[in-house]
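Q: For reference, the file data.tsv (TSV, C-alpha atoms) is included below:
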chain	number	residue	atom	x	y	z
B	1	MET	CA	-64.20	11.83	48.48
B	2	ILE	CA	-61.92	8.85	49.06
B	3	PHE	CA	-59.67	7.83	51.96
B	4	ALA	CA	-56.01	6.82	51.83
B	5	ASN	CA	-56.39	4.77	55.06
B	6	PRO	CA	-60.04	3.66	55.11
B	7	GLY	CA	-59.39	1.02	57.82
B	8	TYR	CA	-59.25	3.76	60.45
B	9	LEU	CA	-62.94	4.52	59.85
B	10	TYR	CA	-63.86	1.36	61.79
B	11	MET	CA	-62.73	3.24	64.89
B	12	LEU	CA	-65.92	5.30	64.54
B	13	LEU	CA	-67.72	2.28	66.05
B	14	LEU	CA	-66.02	3.10	69.35
B	15	LEU	CA	-68.31	6.10	69.63
B	16	ILE	CA	-71.24	3.74	70.33
B	17	PRO	CA	-69.93	2.37	73.66
B	18	LEU	CA	-68.60	5.84	74.52
B	19	THR	CA	-72.10	7.30	74.14
B	20	GLY	CA	-73.57	4.41	76.15
B	21	TRP	CA	-71.04	4.99	78.93
B	22	TYR	CA	-71.96	8.67	79.08
B	23	ILE	CA	-75.68	7.94	79.32
B	24	TRP	CA	-75.07	5.40	82.11
B	25	LYS	CA	-72.84	7.85	83.97
B	26	MET	CA	-75.42	10.64	83.76
B	27	ARG	CA	-78.17	8.40	85.13
B	28	LYS	CA	-75.96	7.28	87.98
B	29	ASN	CA	-75.16	10.86	88.96
B	30	HIS	CA	-78.84	11.58	89.75
B	31	ALA	CA	-80.03	10.70	93.25
B	32	SER	CA	-83.57	9.37	93.67
B	33	LEU	CA	-85.91	10.87	96.30
B	34	GLN	CA	-89.45	9.82	97.20
B	35	PHE	CA	-92.23	12.39	97.58
B	36	SER	CA	-95.85	11.95	98.43
B	37	SER	CA	-96.73	14.33	95.61
B	38	SER	CA	-94.78	15.87	92.68
B	39	GLN	CA	-97.29	18.65	92.12
B	40	ALA	CA	-94.91	21.30	93.48
B	41	PHE	CA	-92.32	20.45	90.81
B	42	GLU	CA	-94.69	20.57	87.88
B	43	ALA	CA	-94.92	24.35	87.54
B	44	PRO	CA	-94.32	25.41	83.90
B	45	GLY	CA	-91.26	27.41	82.88
B	46	THR	CA	-88.90	26.16	85.58
B	47	THR	CA	-86.50	24.43	83.16
B	48	THR	CA	-83.78	26.77	81.86
B	49	LEU	CA	-81.83	26.62	78.59
B	50	LYS	CA	-78.69	25.70	80.52
B	51	VAL	CA	-80.31	22.44	81.55
B	52	TYR	CA	-80.86	21.44	77.90
B	53	LEU	CA	-77.33	22.45	76.94
B	54	ARG	CA	-75.56	20.56	79.75
B	55	HIS	CA	-74.78	17.74	77.31
B	56	LEU	CA	-73.16	20.09	74.76
B	57	PRO	CA	-69.53	19.55	75.96
B	58	PHE	CA	-69.89	15.79	75.50
B	59	VAL	CA	-71.44	16.26	72.05
B	60	LEU	CA	-68.58	18.55	71.02
B	61	ARG	CA	-65.97	16.09	72.27
B	62	THR	CA	-67.67	13.20	70.48
B	63	ILE	CA	-67.75	15.11	67.20
B	64	ALA	CA	-64.08	16.07	67.69
B	65	ILE	CA	-63.11	12.41	68.19
B	66	ALA	CA	-65.06	11.45	65.05
B	67	CYS	CA	-63.28	14.16	63.06
B	68	LEU	CA	-59.91	13.04	64.42
B	69	ILE	CA	-60.58	9.50	63.22
B	70	ILE	CA	-61.47	10.88	59.79
B	71	VAL	CA	-58.20	12.84	59.78
B	72	LEU	CA	-56.29	9.60	60.46
B	73	ALA	CA	-58.09	8.03	57.48
B	74	ARG	CA	-56.68	10.85	55.28
B	75	PRO	CA	-59.61	12.08	53.17
B	76	GLN	CA	-58.69	12.98	49.59
B	77	SER	CA	-60.63	14.71	46.85
B	78	THR	CA	-60.48	13.45	43.26
B	79	ASP	CA	-62.65	16.06	41.60
B	80	ASN	CA	-59.69	18.17	40.47
B	81	TRP	CA	-58.83	17.57	36.83
B	82	GLN	CA	-55.77	18.85	35.00
B	83	SER	CA	-55.34	19.06	31.26
B	84	SER	CA	-52.13	18.01	29.55
B	85	THR	CA	-51.38	19.24	26.06
B	86	THR	CA	-47.79	18.01	25.74
B	87	GLU	CA	-48.13	14.34	26.60
B	88	GLY	CA	-47.11	11.89	23.88
B	89	ILE	CA	-44.63	13.93	21.80
B	90	ASP	CA	-41.07	12.82	21.03
B	91	ILE	CA	-38.77	15.41	19.49
B	92	MET	CA	-35.32	15.00	17.93
B	93	LEU	CA	-33.27	18.14	17.32
B	94	ALA	CA	-30.92	17.82	14.32
B	95	MET	CA	-28.42	20.70	14.48
B	96	ASP	CA	-25.84	21.74	11.91
B	97	ILE	CA	-22.43	22.34	13.56
B	98	SER	CA	-20.37	22.90	10.42
B	99	GLY	CA	-17.77	25.67	10.35
B	100	SER	CA	-20.12	28.11	8.63
B	101	MET	CA	-22.26	28.17	11.80
B	102	LEU	CA	-19.64	30.54	13.26
B	103	ALA	CA	-20.88	33.34	11.01
B	104	GLU	CA	-21.99	36.30	13.08
B	105	ASP	CA	-25.13	37.49	11.32
B	106	LEU	CA	-26.87	36.08	14.43
B	107	LYS	CA	-25.40	37.04	17.80
B	108	PRO	CA	-22.96	36.01	19.11
B	109	ASN	CA	-22.93	33.59	16.14
B	110	ARG	CA	-25.32	31.20	14.44
B	111	LEU	CA	-24.36	28.18	16.54
B	112	GLU	CA	-24.60	29.89	19.92
B	113	ALA	CA	-27.88	31.55	18.97
B	114	ALA	CA	-29.30	28.18	17.88
B	115	LYS	CA	-28.15	26.56	21.13
B	116	ASN	CA	-29.68	29.26	23.31
B	117	VAL	CA	-33.05	29.24	21.57
B	118	ALA	CA	-33.18	25.43	21.52
B	119	ALA	CA	-32.43	25.36	25.27
B	120	SER	CA	-35.39	27.67	25.94
B	121	PHE	CA	-37.57	25.44	23.77
B	122	ILE	CA	-36.53	22.37	25.80
B	123	ASN	CA	-37.26	24.12	29.10
B	124	GLY	CA	-40.77	24.89	27.87
B	125	ARG	CA	-41.62	21.23	27.23
B	126	PRO	CA	-40.83	19.41	30.50
B	127	THR	CA	-42.94	16.30	29.76
B	128	ASP	CA	-41.60	15.47	26.29
B	129	ASN	CA	-38.87	13.05	25.28
B	130	ILE	CA	-36.26	15.15	23.50
B	131	GLY	CA	-32.97	14.10	21.90
B	132	LEU	CA	-30.16	15.72	19.94
B	133	VAL	CA	-28.30	14.81	16.74
B	134	VAL	CA	-25.47	16.99	15.39
B	135	PHE	CA	-24.04	16.93	11.90
B	136	ALA	CA	-21.41	18.55	9.73
B	137	GLY	CA	-19.61	16.39	7.15
B	138	GLU	CA	-20.73	13.41	9.27
B	139	SER	CA	-23.38	12.91	11.93
B	140	PHE	CA	-23.62	11.42	15.38
B	141	THR	CA	-26.06	11.32	18.28
B	142	GLN	CA	-25.19	13.75	21.04
B	143	CYS	CA	-28.11	12.63	23.24
B	144	PRO	CA	-30.81	9.99	22.67
B	145	LEU	CA	-34.45	10.66	23.51
B	146	THR	CA	-34.76	11.46	27.20
B	147	THR	CA	-37.02	13.20	29.71
B	148	ASP	CA	-33.96	14.09	31.80
B	149	HIS	CA	-33.62	17.54	30.29
B	150	ALA	CA	-30.92	18.55	32.77
B	151	ILE	CA	-28.52	16.09	31.13
B	152	LEU	CA	-29.60	17.17	27.65
B	153	LEU	CA	-29.04	20.84	28.42
B	154	ASN	CA	-25.65	20.04	29.93
B	155	LEU	CA	-24.64	18.27	26.71
B	156	PHE	CA	-25.72	21.35	24.76
B	157	LYS	CA	-22.91	23.30	26.40
B	158	ASP	CA	-20.29	21.01	24.84
B	159	ILE	CA	-21.49	21.50	21.26
B	160	ASN	CA	-18.97	23.28	19.04
B	161	THR	CA	-17.87	23.24	15.43
B	162	GLY	CA	-14.74	21.24	16.28
B	163	MET	CA	-16.63	18.21	17.57
B	164	ILE	CA	-16.46	16.54	14.16
B	165	SER	CA	-13.05	16.41	12.47
B	166	MET	CA	-12.32	19.46	10.34
B	167	LEU	CA	-11.17	17.02	7.66
B	168	THR	CA	-14.82	16.08	7.18
B	169	ASP	CA	-16.27	19.59	7.51
B	170	GLY	CA	-19.23	20.28	5.31
B	171	THR	CA	-22.99	19.90	5.54
B	172	ALA	CA	-24.48	16.41	5.40
B	173	ILE	CA	-28.17	17.32	5.76
B	174	GLY	CA	-29.41	13.95	4.50
B	175	LEU	CA	-27.13	12.03	6.87
B	176	GLY	CA	-28.12	14.18	9.84
B	177	LEU	CA	-31.81	13.74	9.09
B	178	ALA	CA	-31.46	9.98	8.58
B	179	ASN	CA	-29.62	9.68	11.90
B	180	ALA	CA	-32.40	11.57	13.68
B	181	VAL	CA	-35.03	9.32	12.07
B	182	SER	CA	-33.18	6.20	13.23
B	183	ARG	CA	-33.32	7.52	16.80
B	184	ILE	CA	-37.04	8.31	16.81
B	185	LYS	CA	-38.61	5.80	14.40
B	186	ASP	CA	-39.33	3.15	17.07
B	187	SER	CA	-40.98	5.62	19.43
B	188	GLN	CA	-44.48	4.75	20.62
B	189	ALA	CA	-45.40	8.43	21.04
B	190	LYS	CA	-48.54	9.82	19.43
B	191	SER	CA	-46.48	12.43	17.61
B	192	LYS	CA	-42.89	12.14	16.37
B	193	VAL	CA	-41.13	15.33	15.33
B	194	ILE	CA	-37.70	16.33	14.03
B	195	ILE	CA	-36.52	19.96	14.03
B	196	LEU	CA	-33.67	20.24	11.54
B	197	LEU	CA	-31.59	23.41	11.60
B	198	THR	CA	-28.92	24.23	9.03
B	199	ASP	CA	-27.25	27.19	7.35
B	200	GLY	CA	-26.07	25.58	4.14
B	201	SER	CA	-26.61	23.09	1.34
B	202	ASN	CA	-26.06	19.36	1.35
B	203	ASN	CA	-22.49	18.67	0.11
B	204	ARG	CA	-21.46	15.61	2.13
B	205	GLY	CA	-22.82	12.21	3.10
B	206	GLU	CA	-24.08	9.15	1.28
B	207	ILE	CA	-27.80	9.87	1.85
B	208	ALA	CA	-29.61	12.55	-0.15
B	209	PRO	CA	-31.87	14.88	1.88
B	210	VAL	CA	-34.93	13.96	-0.21
B	211	THR	CA	-34.27	10.25	0.41
B	212	ALA	CA	-34.02	10.90	4.15
B	213	ALA	CA	-37.31	12.80	3.94
B	214	GLU	CA	-39.02	9.81	2.33
B	215	ILE	CA	-37.68	7.60	5.13
B	216	SER	CA	-39.11	10.07	7.65
B	217	LYS	CA	-42.50	9.95	5.97
B	218	THR	CA	-42.46	6.14	6.02
B	219	PHE	CA	-42.07	6.11	9.80
B	220	GLY	CA	-44.62	8.86	10.37
B	221	VAL	CA	-42.04	11.44	11.46
B	222	ARG	CA	-42.88	15.09	10.81
B	223	VAL	CA	-39.90	17.34	9.99
B	224	TYR	CA	-39.70	21.08	10.58
B	225	THR	CA	-36.75	22.61	8.73
B	226	ILE	CA	-35.08	25.89	9.66
B	227	GLY	CA	-32.66	27.78	7.44
B	228	VAL	CA	-30.40	30.03	9.50
B	229	GLY	CA	-28.68	33.05	7.96
B	230	THR	CA	-29.28	36.55	6.75
B	231	LYS	CA	-29.96	37.46	3.14
B	232	GLY	CA	-26.90	38.07	0.97
B	233	GLU	CA	-23.63	38.01	2.91
B	234	ALA	CA	-22.65	37.48	6.55
B	235	PRO	CA	-19.52	38.42	8.55
B	236	TYR	CA	-17.29	35.42	9.27
B	237	PRO	CA	-14.23	35.36	11.58
B	238	PHE	CA	-10.98	34.06	10.06
B	239	GLN	CA	-8.02	33.22	12.27
B	240	THR	CA	-4.72	34.65	10.93
B	241	ALA	CA	-1.23	35.10	12.26
B	242	ASN	CA	-2.16	38.66	13.17
B	243	GLY	CA	-5.37	37.66	14.96
B	244	VAL	CA	-9.00	37.34	13.93
B	245	ILE	CA	-10.16	39.24	10.87
B	246	TYR	CA	-13.71	39.38	9.49
B	247	ARG	CA	-14.74	38.87	5.92
B	248	ASN	CA	-18.17	38.73	4.38
B	249	ILE	CA	-19.08	35.35	2.96
B	250	PRO	CA	-22.15	34.51	0.85
B	251	VAL	CA	-25.10	32.91	2.60
B	252	ASP	CA	-25.93	29.75	0.67
B	253	ILE	CA	-29.00	27.97	2.04
B	254	ASP	CA	-30.67	25.32	-0.12
B	255	GLU	CA	-34.18	26.51	0.63
B	256	PRO	CA	-35.93	24.44	-2.09
B	257	THR	CA	-34.55	21.22	-0.58
B	258	LEU	CA	-35.50	22.23	2.96
B	259	GLN	CA	-38.98	23.14	1.74
B	260	GLN	CA	-39.28	19.77	0.01
B	261	ILE	CA	-38.25	17.90	3.15
B	262	ALA	CA	-40.89	19.73	5.17
B	263	ALA	CA	-43.61	19.26	2.54
B	264	THR	CA	-42.86	15.55	2.14
B	265	THR	CA	-43.19	14.84	5.86
B	266	GLY	CA	-46.10	17.17	6.64
B	267	GLY	CA	-43.93	19.74	8.41
B	268	GLN	CA	-43.05	23.32	7.55
B	269	TYR	CA	-40.02	25.32	6.45
B	270	PHE	CA	-38.87	28.48	8.26
B	271	ARG	CA	-36.16	31.05	7.58
B	272	ALA	CA	-34.37	32.71	10.52
B	273	THR	CA	-32.42	35.83	9.58
B	274	ASN	CA	-31.78	37.05	13.15
B	275	ASN	CA	-32.12	36.02	16.78
B	276	ALA	CA	-35.66	37.34	17.15
B	277	SER	CA	-36.99	35.46	14.12
B	278	LEU	CA	-35.32	32.26	15.34
B	279	ARG	CA	-37.05	32.57	18.70
B	280	GLU	CA	-40.38	33.19	16.95
B	281	ILE	CA	-39.89	30.08	14.82
B	282	TYR	CA	-39.33	27.82	17.82
B	283	SER	CA	-42.31	29.42	19.55
B	284	GLU	CA	-44.50	28.74	16.52
B	285	ILE	CA	-43.37	25.12	16.33
B	286	ASP	CA	-44.04	24.79	20.05
B	287	GLN	CA	-47.62	26.03	19.64
B	288	MET	CA	-48.32	23.90	16.56
B	289	GLU	CA	-47.22	20.73	18.27
B	290	LYS	CA	-49.33	21.51	21.31
B	291	THR	CA	-52.46	21.87	19.19
B	292	LYS	CA	-51.90	18.87	16.93
B	293	ILE	CA	-52.40	16.23	19.66
B	294	SER	CA	-55.54	15.42	21.62
B	295	VAL	CA	-55.88	16.81	25.11
B	296	GLN	CA	-55.84	14.16	27.81
B	297	GLU	CA	-57.14	14.65	31.31
B	298	TYR	CA	-56.19	12.84	34.47
B	299	SER	CA	-57.47	13.07	38.04
B	300	LYS	CA	-55.27	14.62	40.66
B	301	LYS	CA	-55.67	13.61	44.31
B	302	GLN	CA	-55.59	16.38	46.88
B	303	GLU	CA	-55.28	15.93	50.64
B	304	GLU	CA	-58.29	17.30	52.53
B	305	TYR	CA	-57.37	16.40	56.13
B	306	LYS	CA	-55.98	19.85	56.99
B	307	ASN	CA	-59.41	21.49	57.17
B	308	MET	CA	-60.72	18.58	59.22
B	309	ALA	CA	-57.81	18.95	61.66
B	310	LEU	CA	-58.73	22.62	62.17
B	311	VAL	CA	-62.29	21.55	62.93
B	312	VAL	CA	-60.99	19.10	65.58
B	313	PHE	CA	-58.91	21.82	67.19
B	314	GLY	CA	-61.83	24.26	67.20
B	315	LEU	CA	-64.27	21.76	68.71
B	316	LEU	CA	-61.87	20.74	71.48
B	317	LEU	CA	-61.16	24.38	72.31
B	318	LEU	CA	-64.88	25.20	72.48
B	319	GLU	CA	-65.56	22.14	74.62
B	320	ILE	CA	-62.84	23.13	77.12
B	321	LEU	CA	-64.11	26.71	77.32
B	322	LEU	CA	-67.67	25.59	77.99
B	323	ARG	CA	-66.65	22.96	80.54
B	324	TYR	CA	-64.64	25.41	82.63
B	325	THR	CA	-66.93	28.44	82.29
B	326	LEU	CA	-70.65	28.01	81.61
B	327	PHE	CA	-70.85	24.36	82.69
B	328	ARG	CA	-68.21	24.40	85.39
B	329	LYS	CA	-68.90	21.96	88.23
B	330	ILE	CA	-68.28	22.88	91.82
B	331	PRO	CA	-67.04	19.88	93.86
Written as C-alpha cells, that's how I'd like the structure from this file.
A:
Amino acid sequence: MIFANPGYLYMLLLLIPLTGWYIWKMRKNHASLQFSSSQAFEAPGTTTLKVYLRHLPFVLRTIAIACLIIVLARPQSTDNWQSSTTEGIDIMLAMDISGSMLAEDLKPNRLEAAKNVAASFINGRPTDNIGLVVFAGESFTQCPLTTDHAILLNLFKDINTGMISMLTDGTAIGLGLANAVSRIKDSQAKSKVIILLTDGSNNRGEIAPVTAAEISKTFGVRVYTIGVGTKGEAPYPFQTANGVIYRNIPVDIDEPTLQQIAATTGGQYFRATNNASLREIYSEIDQMEKTKISVQEYSKKQEEYKNMALVVFGLLLLEILLRYTLFRKIP
C-alpha cells in the first residue's frame, strides 16, 4: 500500500491532543464529594455495561477522523500486475494496389477484402507501431510507423488502384518490400515485421524481390508474404463503352519467390483464395507474433480510498445514532 499524498498522514498527530482534550473534559465533568465512608458504594455488580461504553461515541469519531485523513492521503495498491504480450513490435504493411487487385474472386474485390481484413488486424493490436506502404509499378509510403491507428485507418479508406499512375501499372514486389524495409530498419522494437500482400509476379522496379529479402534479413526484419487469388482464373471487370463487362483472367502469383522471401527472413508464406482464408491468415500471423516476444509485466496502481470513505461515513453515522439514542444526555 502506498499513498499519493503521504504528507497528509502527519495530520494523524492531531489525534493526540484531541484525545488529551477529551480526557481532561471528562475529568472536569465529574463533581467531587466527600464522604466519611465509601463502604456503601463498594457493593459488587453496580456498574452497568452502559458505563463502560459511554466513551464509544468518541472512539468512533476519532477512528472516523483518522480514516478521513487516510482518504485525503489517497491510498493506492500496487499489487495488481498486468501482462502485455504485444509490447515491442513494429509492423509495416506492404500492400499491392496494382490493377489486377480489382479481380473479384474475393468479395467485393481483392483490394477491398485486403483493406478490410488489414483494418481488423490493426484494431486488434492497439499498442503496436504500424505503418503502410503501397506498391504497383512504383512504391510509396502511405503512412509511416505510428501508434495513432485512427489516422492509419483513415488513410486506408483512400487506397485505390488509381493512386499510382496507370502508366506505371504493374507489380514491383522488390521495390515495395525495399521501401517497407527502409521505413522499419531503424526501429528499436524487439520485433520488426513486414506483411507483404500481392496477387501477381514481380514485373517492375529496379530491385529484385530476392535482393530486397536479403536486405530485410540484414536488418533483422521478418517478412510474412501473402499471395491473394483463387486457383486458375478469376472474374475481372473491364470498362467498355457499353458499361462494365466481366472476363476471366488467369491468376498468376509467383509463389516460389514469395516463399523464398519468407524463408530468407524467417517468416512464412500464405495463400489466400477467399475472404475467410485471408482472415485466418492475418489471425495466424497475429498469434505468432504475440508468442514470439517475451511477456513483460508492469504494476498498475489502483485507488483504494473509496472503501475507506465508506468506512468514514459508516462510523460517523453510528456515532450520531449512539449519541442521540443510547447515550443521549439530558440537559
Q: At what distance in Å, to one decimal, does atom CA of Leu317 of chain B lie from atom CA of Met11 of chain B?
A: 22.5 Å
Q: Here is a test: counting all atoms listed in the file, which residue of B:Gly170, B:Gly220, B:Pro209, B:Gly162 is nearest to Ser187 of chain B?
A: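 Residue with the minimum atom-to-atom distance to Ser187 of chain B: B:Gly220.
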Q: Excluding segment 194-197 of chain B and any residue of its chain fewer than 5 positions from it, enumerate the residues within 10 Å of it, using all atoms listed in the file, and give them as a ChimeraX atom specification.
A: /B:90-97,111,114,118,130-135,173,176-177,180-181,184,216,221-228,258,261-262,265,267-272,282,285
Q: In Å to one decimal, how far is atom CA of Val251 of chain B from atom CA of Asn179 of chain B?
A: 25.4 Å
Q: Quick one: distance from atom CA of Ala113 of chain B to atom CA of Arg183 of chain B in Å, one decimal?
A: 24.7 Å
